[in-house]
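Taking it in order: structure first as structure tokens, then the write-up.
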Amino acid sequence: MTSKQIFRLSLALTGTLFPELLRARTLTVDLGASITLPELIGNAVEALALISILFTTILFLLGAFLMVMSRGKEDQLSKGKDLMIQSLIGMAVVGGAYGLIRTLFWLIYVA
């Protein structure tokens, strides 16, 4: 008996013995509030900005760690310094983009 046949046999036995298991069930969760498309997009933008800022913060700390652990080696010192500078630039870009998007949404939907 192949595994496919065993699977079909077990599915048939399950359906015969417990037919309620094969019925489609729905789960409805009412959170008491509905969300609009602009709110959904705003939440997604905030989540992406938070993840990006978290990522750049980790890169900044990694660059600082590389600088501390360089022990006078110029190549590791420059790698750490470059990583810290690039992560700060990334934070500025993400923060600026987030500010622009929030301002744009405010102008479109509030004003």
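The chains in the structure tokens are called A, B, ... from first to last as shown; in each chain the residues are counted from 1, and the ligands are counted from 1 in the order shown.
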
With only C-alpha atoms as the counted atoms, please give the residues lying no more than 12 Å from Ser78 of chain A, apart from itself and same-chain residues fewer than 3 positions off, as a ChimeraX atom specification. /A:63-64,66-75,81-86

Polymer residues at most 6 Å from Ile53 of chain A, only C-alpha atoms, same-chain spacing of 3 or more positions, as a list in words: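 Contacts, with the query itself left out: Leu50, Thr56 and Met91 of chain A.
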
Report as a VMD selection string all protein, DNA and RNA residues lying within 12 Å of Ser52 of chain A, evaluated on only C-alpha atoms, omitting residues in the same chain fewer than 3 positions from it. chain A and resid 45 to 49 55 to 59 87 to 88 90 to 95 97 to 98

Apply DSSP to the structure's backbone, then extract all residues of segment 17-99 of chain A labelled alpha helix (DSSP H) and return them as a PyMOL selection string. chain A and resi 17+37-68+74-99

Expected file contents, prior selection, C-alpha atoms, as a CSV table (one decimal), in the first residue's frame:
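Listing of selection_11.csv after writing:
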```csv
chain,number,residue,atom,x,y,z
A,17,LEU,CA,-16.6,8.0,11.6
A,37,LEU,CA,-8.2,51.8,3.5
A,38,PRO,CA,-6.2,54.9,4.5
A,39,GLU,CA,-6.0,53.6,8.0
A,40,LEU,CA,-4.7,50.3,6.8
A,41,ILE,CA,-2.1,51.9,4.6
A,42,GLY,CA,-1.1,54.2,7.4
A,43,ASN,CA,-0.7,51.2,9.7
A,44,ALA,CA,1.4,49.4,7.1
A,45,VAL,CA,3.6,52.4,6.6
A,46,GLU,CA,4.1,52.8,10.4
A,47,ALA,CA,5.0,49.1,10.7
A,48,LEU,CA,7.5,49.3,7.8
A,49,ALA,CA,9.1,52.5,9.2
A,50,LEU,CA,9.4,50.9,12.7
A,51,ILE,CA,11.1,47.7,11.2
A,52,SER,CA,13.4,49.8,9.1
A,53,ILE,CA,14.4,52.0,12.1
A,54,LEU,CA,15.0,48.9,14.2
A,55,PHE,CA,17.2,47.4,11.5
A,56,THR,CA,19.3,50.5,11.1
A,57,THR,CA,19.7,50.8,14.8
A,58,ILE,CA,21.0,47.2,14.9
A,59,LEU,CA,23.4,48.1,12.1
A,60,PHE,CA,24.6,51.2,14.0
A,61,LEU,CA,25.2,49.1,17.1
A,62,LEU,CA,27.1,46.5,15.0
A,63,GLY,CA,29.3,49.2,13.6
A,64,ALA,CA,30.0,50.5,17.1
A,65,PHE,CA,30.9,47.0,18.2
A,66,LEU,CA,33.2,46.6,15.2
A,67,MET,CA,34.9,49.9,16.1
A,68,VAL,CA,35.3,48.9,19.8
A,74,GLU,CA,42.5,50.4,10.6
A,75,ASP,CA,40.5,48.2,8.3
A,76,GLN,CA,38.0,47.1,11.0
A,77,LEU,CA,37.9,50.6,12.4
A,78,SER,CA,37.0,52.0,9.0
A,79,LYS,CA,34.4,49.3,8.4
A,80,GLY,CA,32.7,50.1,11.7
A,81,LYS,CA,32.8,53.8,11.1
A,82,ASP,CA,31.4,53.4,7.6
A,83,LEU,CA,28.6,51.1,8.9
A,84,MET,CA,27.7,53.6,11.5
A,85,ILE,CA,27.6,56.5,9.0
A,86,GLN,CA,25.6,54.4,6.5
A,87,SER,CA,23.1,53.4,9.2
A,88,LEU,CA,22.6,57.0,10.2
A,89,ILE,CA,22.0,57.9,6.6
A,90,GLY,CA,19.5,55.1,6.4
A,91,MET,CA,17.7,56.3,9.5
A,92,ALA,CA,17.5,59.8,8.1
A,93,VAL,CA,16.1,58.5,4.8
A,94,VAL,CA,13.5,56.3,6.5
A,95,GLY,CA,12.5,59.1,8.9
A,96,GLY,CA,12.2,61.6,6.1
A,97,ALA,CA,10.2,59.3,3.9
A,98,TYR,CA,7.9,58.5,6.9
A,99,GLY,CA,7.4,62.2,7.5
```
